[in-house]
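J.: Okay, here's the structure, questions in a sec.
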Amino acid sequence: MLVTSLELLEDAKKNHYAVGAFNVENMEMVIAVLKAAEETKSPVIMQTTPGTIKYAGADFYFANIKAAAERASVPVVCHLDHGNNFEIAVSAFHTGYTSIMIDGSKLSFEENISLTKSVVKVCHAGGVPVEAELGRVGGKEDGLDNTKTENPFTDPGEAAEFVERTGCDSLAVAVGTAHGVYKGVPQINFDVLSKIHELVNIPLVLHGTSGVPDEQVIECIKTGVCKVNYATDLRIAFTRGIKEYIKNNPDAFDPKKYGVVAIEEVKKYTAQKMLLMAKKF
Ligand SMILES: [Zn+2]
């Protein structure tokens with residue numbers, strides 16, 4: 001069943017667990033995430049960035065995720081990850097996406113508020129919830145390189161004001177994670193996260209979770225995080241499956257043969273993360 005992220009995340013918040021949000025790049029990854037969700041009986045968010053949408057079109061991704069949702073016995077959300085302007089966000093909404101992120105985190109506080117408000121207005125009119133971002137999650141994000149800038153944490157007081165003024169439904173926070181592959185072990189700033197959790201009464205979202213140790217993810221879920229994003233590790237798992245198959249079968253030419261292996265790799269990874277989050281903390 002295709003649902004919005006609103007009811008899923010509110011339930012997660014009430015019952016102290018989190019819903020995994022997995023970036024899918026193609027049909028095989030949609031199939032893999034669906035299999036993992038079915039196997040673990042987990043609600044799931046499948047998401048695409050604007051960069052991914054550029055590859056095949058939002059309509060293609062929506063059609064794939066909708067088909068998965070119709071097969072599924074668990075709730076499935078089709079979410080826009082890091083919508084970076086009004087047009088992209090509204091276009092995904094019109095395509096049928098059931099959850100929209102508008103990321104104005106690179107703008108000034110006031111500009112971020114006004115952009116987020118404008119997207120909330122359109123999406124809420126159609127019953128679709130909006131995730132916003134305040135503070136900068138570090139690392140590489142869809143071609144934008146934040147690795148050289150420092151990683152300023154979300155200011156808890158600003159977060160409370162931001163949520164109040166924009167009416168957004170969930171908030172991505174910068175608490176020490178980064179997009180891409182980590183050098184060394186990331187360290188979440190739990191002081192900042194718990195302060196935000198105290199002041200902000202909507203589900204919090206953790207970005208850049210690939211490579212974050214599971215113990216830290218669990219701690220985040222205890223501290224108000226209800227949506228946990230994984231992207232990089234799914235790509236790694238997918239490509240590892242294909243590489244290994246081709247290495248062992250250099251004459252292979254049927255995409256279905258190595259596609260099955262890649263699907264299995266992504267399924268194994270996402271199922272393990274789903275089991276971690278499904279526990280009620
Ligand atoms: Zn992100």
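For the structure tokens, the naming scheme is as follows: chains receive sequential letters (A, B, ...) according to their order of presentation, residues are indexed from 1 within each chain, and ligands are indexed from 1 in presentation order.
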Select the residues contacting ligand 1 at a distance of at most 7 Å, based on only C-alpha atoms and all ligand atoms, then format the selection as a PyMOL selection string.
T.: chain A and resi 81-82+141+179+207-208+229
J.: Can you list, as a list in words, every protein, DNA or RNA residue that comes within 9 Å of A:Ser73 when you count only C-alpha atoms, leaving out same-chain residues fewer than 4 positions away?
T.: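 With the cut-off at 9 Å, the set is Met1, Ala37, Glu38, Lys41 and Ala69 of chain A.
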J.: Take the residues just selected and output them with N, CA and C atoms as an mmCIF file, in the first residue's frame.
T.:
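Full text of result_28.cif as output:
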```
data_model
loop_
_atom_site.group_PDB
_atom_site.id
_atom_site.type_symbol
_atom_site.label_atom_id
_atom_site.label_comp_id
_atom_site.auth_asym_id
_atom_site.auth_seq_id
_atom_site.Cartn_x
_atom_site.Cartn_y
_atom_site.Cartn_z
ATOM 1 N N MET A 1 0.839 -1.188 0.000
ATOM 2 C CA MET A 1 0.000 0.000 0.000
ATOM 3 C C MET A 1 0.890 1.260 0.000
ATOM 4 N N ALA A 37 11.681 -5.325 3.023
ATOM 5 C CA ALA A 37 10.549 -4.844 3.832
ATOM 6 C C ALA A 37 9.557 -5.963 4.089
ATOM 7 N N GLU A 38 9.316 -6.770 3.049
ATOM 8 C CA GLU A 38 8.379 -7.898 3.203
ATOM 9 C C GLU A 38 8.945 -8.922 4.189
ATOM 10 N N LYS A 41 8.855 -7.493 7.590
ATOM 11 C CA LYS A 41 7.541 -6.905 7.898
ATOM 12 C C LYS A 41 7.668 -5.464 8.403
ATOM 13 N N ALA A 69 4.661 -0.870 -3.987
ATOM 14 C CA ALA A 69 3.698 -0.614 -2.908
ATOM 15 C C ALA A 69 2.438 -1.447 -3.094
#
```
J.: For A:Gly241, list every protein, DNA or RNA residue within 8 Å, evaluated using only C-alpha atoms, and leave out those in the same chain fewer than 4 positions away; present the list as a list in words.
T.: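 The neighbour list is Ala237, Tyr245, Tyr258, Val261, Ala262, Ile263, Glu264 and Glu265 of chain A.
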J.: Filtering to C-alpha atoms, could you give me those residues as a PDB file, in the first residue's frame?
T.:
```pdb
ATOM      1  CA  ALA A 237      26.167  -3.319  -1.993  1.00  0.00           C
ATOM      2  CA  TYR A 245      29.427 -11.840 -10.449  1.00  0.00           C
ATOM      3  CA  TYR A 258      24.005 -10.266 -12.236  1.00  0.00           C
ATOM      4  CA  VAL A 261      22.947 -10.997  -7.320  1.00  0.00           C
ATOM      5  CA  ALA A 262      22.879  -7.221  -6.900  1.00  0.00           C
ATOM      6  CA  ILE A 263      19.279  -7.380  -5.664  1.00  0.00           C
ATOM      7  CA  GLU A 264      20.269  -9.989  -3.076  1.00  0.00           C
ATOM      8  CA  GLU A 265      23.183  -7.856  -1.808  1.00  0.00           C
TER       9      GLU A 265
END
```
J.: Using the chain letters and numbers from this document, which residues of stretch 85-264 of chain A does DSSP assign to alpha helix (DSSP H), as a PyMOL selection string?
T.: chain A and resi 86-95+109-125+156-166+190-199+214-222+232-248+255-264
J.: With C-alpha atoms retained, could you export that selection as a CSV table (one decimal), in the first residue's frame?
T.:
```csv
chain,number,residue,atom,x,y,z
A,86,PHE,CA,10.4,24.9,-5.2
A,87,GLU,CA,9.9,23.6,-8.8
A,88,ILE,CA,11.5,20.2,-8.2
A,89,ALA,CA,9.5,19.7,-5.0
A,90,VAL,CA,6.2,20.7,-6.5
A,91,SER,CA,6.9,18.7,-9.6
A,92,ALA,CA,7.5,15.5,-7.5
A,93,PHE,CA,4.3,16.2,-5.6
A,94,HIS,CA,2.4,16.4,-8.9
A,95,THR,CA,4.0,13.2,-10.1
A,109,PHE,CA,17.5,31.1,8.0
A,110,GLU,CA,14.8,33.5,6.7
A,111,GLU,CA,15.1,32.3,3.1
A,112,ASN,CA,14.9,28.6,4.2
A,113,ILE,CA,11.7,29.4,6.2
A,114,SER,CA,10.1,31.2,3.2
A,115,LEU,CA,11.0,28.4,0.7
A,116,THR,CA,9.9,25.7,3.1
A,117,LYS,CA,6.6,27.5,3.8
A,118,SER,CA,5.9,27.8,0.1
A,119,VAL,CA,6.4,24.0,-0.4
A,120,VAL,CA,4.4,23.2,2.7
A,121,LYS,CA,1.5,25.2,1.4
A,122,VAL,CA,1.3,23.4,-1.9
A,123,CYS,CA,1.9,19.9,-0.5
A,124,HIS,CA,-0.4,20.2,2.5
A,125,ALA,CA,-3.2,21.2,0.2
A,156,PRO,CA,18.1,23.8,18.8
A,157,GLY,CA,16.4,27.2,19.4
A,158,GLU,CA,16.4,28.0,15.7
A,159,ALA,CA,15.0,24.5,15.0
A,160,ALA,CA,12.0,25.1,17.3
A,161,GLU,CA,11.3,28.5,15.7
A,162,PHE,CA,11.8,27.0,12.2
A,163,VAL,CA,9.3,24.2,12.8
A,164,GLU,CA,6.8,26.6,14.4
A,165,ARG,CA,6.9,29.1,11.5
A,166,THR,CA,7.1,26.7,8.5
A,190,PHE,CA,24.0,13.7,21.3
A,191,ASP,CA,23.9,16.9,23.4
A,192,VAL,CA,22.7,18.8,20.4
A,193,LEU,CA,20.3,16.1,19.3
A,194,SER,CA,18.7,15.8,22.8
A,195,LYS,CA,18.3,19.5,23.0
A,196,ILE,CA,16.6,19.6,19.6
A,197,HIS,CA,14.4,16.7,20.8
A,198,GLU,CA,13.4,18.6,23.9
A,199,LEU,CA,12.4,21.7,21.9
A,214,ASP,CA,24.4,0.7,14.7
A,215,GLU,CA,24.8,1.6,18.5
A,216,GLN,CA,24.8,5.3,17.6
A,217,VAL,CA,21.8,4.9,15.3
A,218,ILE,CA,19.9,3.2,18.3
A,219,GLU,CA,20.9,6.1,20.5
A,220,CYS,CA,19.6,8.6,17.9
A,221,ILE,CA,16.3,6.7,17.8
A,222,LYS,CA,16.0,7.0,21.6
A,232,THR,CA,25.7,5.2,0.0
A,233,ASP,CA,25.8,1.7,1.4
A,234,LEU,CA,23.0,0.5,-0.9
A,235,ARG,CA,25.0,1.7,-3.9
A,236,ILE,CA,28.1,-0.1,-2.6
A,237,ALA,CA,26.2,-3.3,-2.0
A,238,PHE,CA,24.6,-3.2,-5.4
A,239,THR,CA,27.8,-2.6,-7.3
A,240,ARG,CA,29.7,-5.2,-5.2
A,241,GLY,CA,27.2,-7.8,-6.3
A,242,ILE,CA,27.7,-7.0,-9.9
A,243,LYS,CA,31.5,-6.8,-9.7
A,244,GLU,CA,31.7,-10.2,-8.0
A,245,TYR,CA,29.4,-11.8,-10.4
A,246,ILE,CA,31.3,-10.5,-13.5
A,247,LYS,CA,34.6,-11.4,-11.9
A,248,ASN,CA,33.5,-15.0,-11.5
A,255,PRO,CA,21.7,-8.3,-17.0
A,256,LYS,CA,19.2,-10.5,-15.2
A,257,LYS,CA,22.0,-12.9,-14.1
A,258,TYR,CA,24.0,-10.3,-12.2
A,259,GLY,CA,20.9,-8.2,-11.5
A,260,VAL,CA,19.6,-11.0,-9.2
A,261,VAL,CA,22.9,-11.0,-7.3
A,262,ALA,CA,22.9,-7.2,-6.9
A,263,ILE,CA,19.3,-7.4,-5.7
A,264,GLU,CA,20.3,-10.0,-3.1
```
J.: Using only C-alpha atoms, which residue out of A:Val76, A:Gly83, A:Tyr55, A:Thr270 lies closest to A:Val33?
T.: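 Distance minimum relative to A:Val33 lands on A:Thr270.
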J.: Find, counting only C-alpha atoms, the residue in A:Asn201, A:Ala72, A:Asp251, A:Pro152 that gets nearest to A:Asn189.
T.: A:Pro152
J.: A:Tyr17: which residues within 8 Å, counting only C-alpha atoms, same-chain residues fewer than 5 positions away excluded, as a PyMOL selection string?
T.: chain A and resi 12+221-222+226+277-281
J.: Can you tell me how far atom CA of A:Ala56 sits from atom CA of A:Met27, in Å to one decimal?
T.: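 Between atom CA of A:Ala56 and atom CA of A:Met27 the gap works out to 10.4 Å.
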J.: Calculated over only C-alpha atoms, which of the candidates A:Ile65, A:Leu107, A:Leu204, A:Leu171 has the smallest distance to A:Leu34?
T.: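 Ranking A:Ile65, A:Leu107, A:Leu204, A:Leu171 by distance to A:Leu34, first place goes to A:Ile65.
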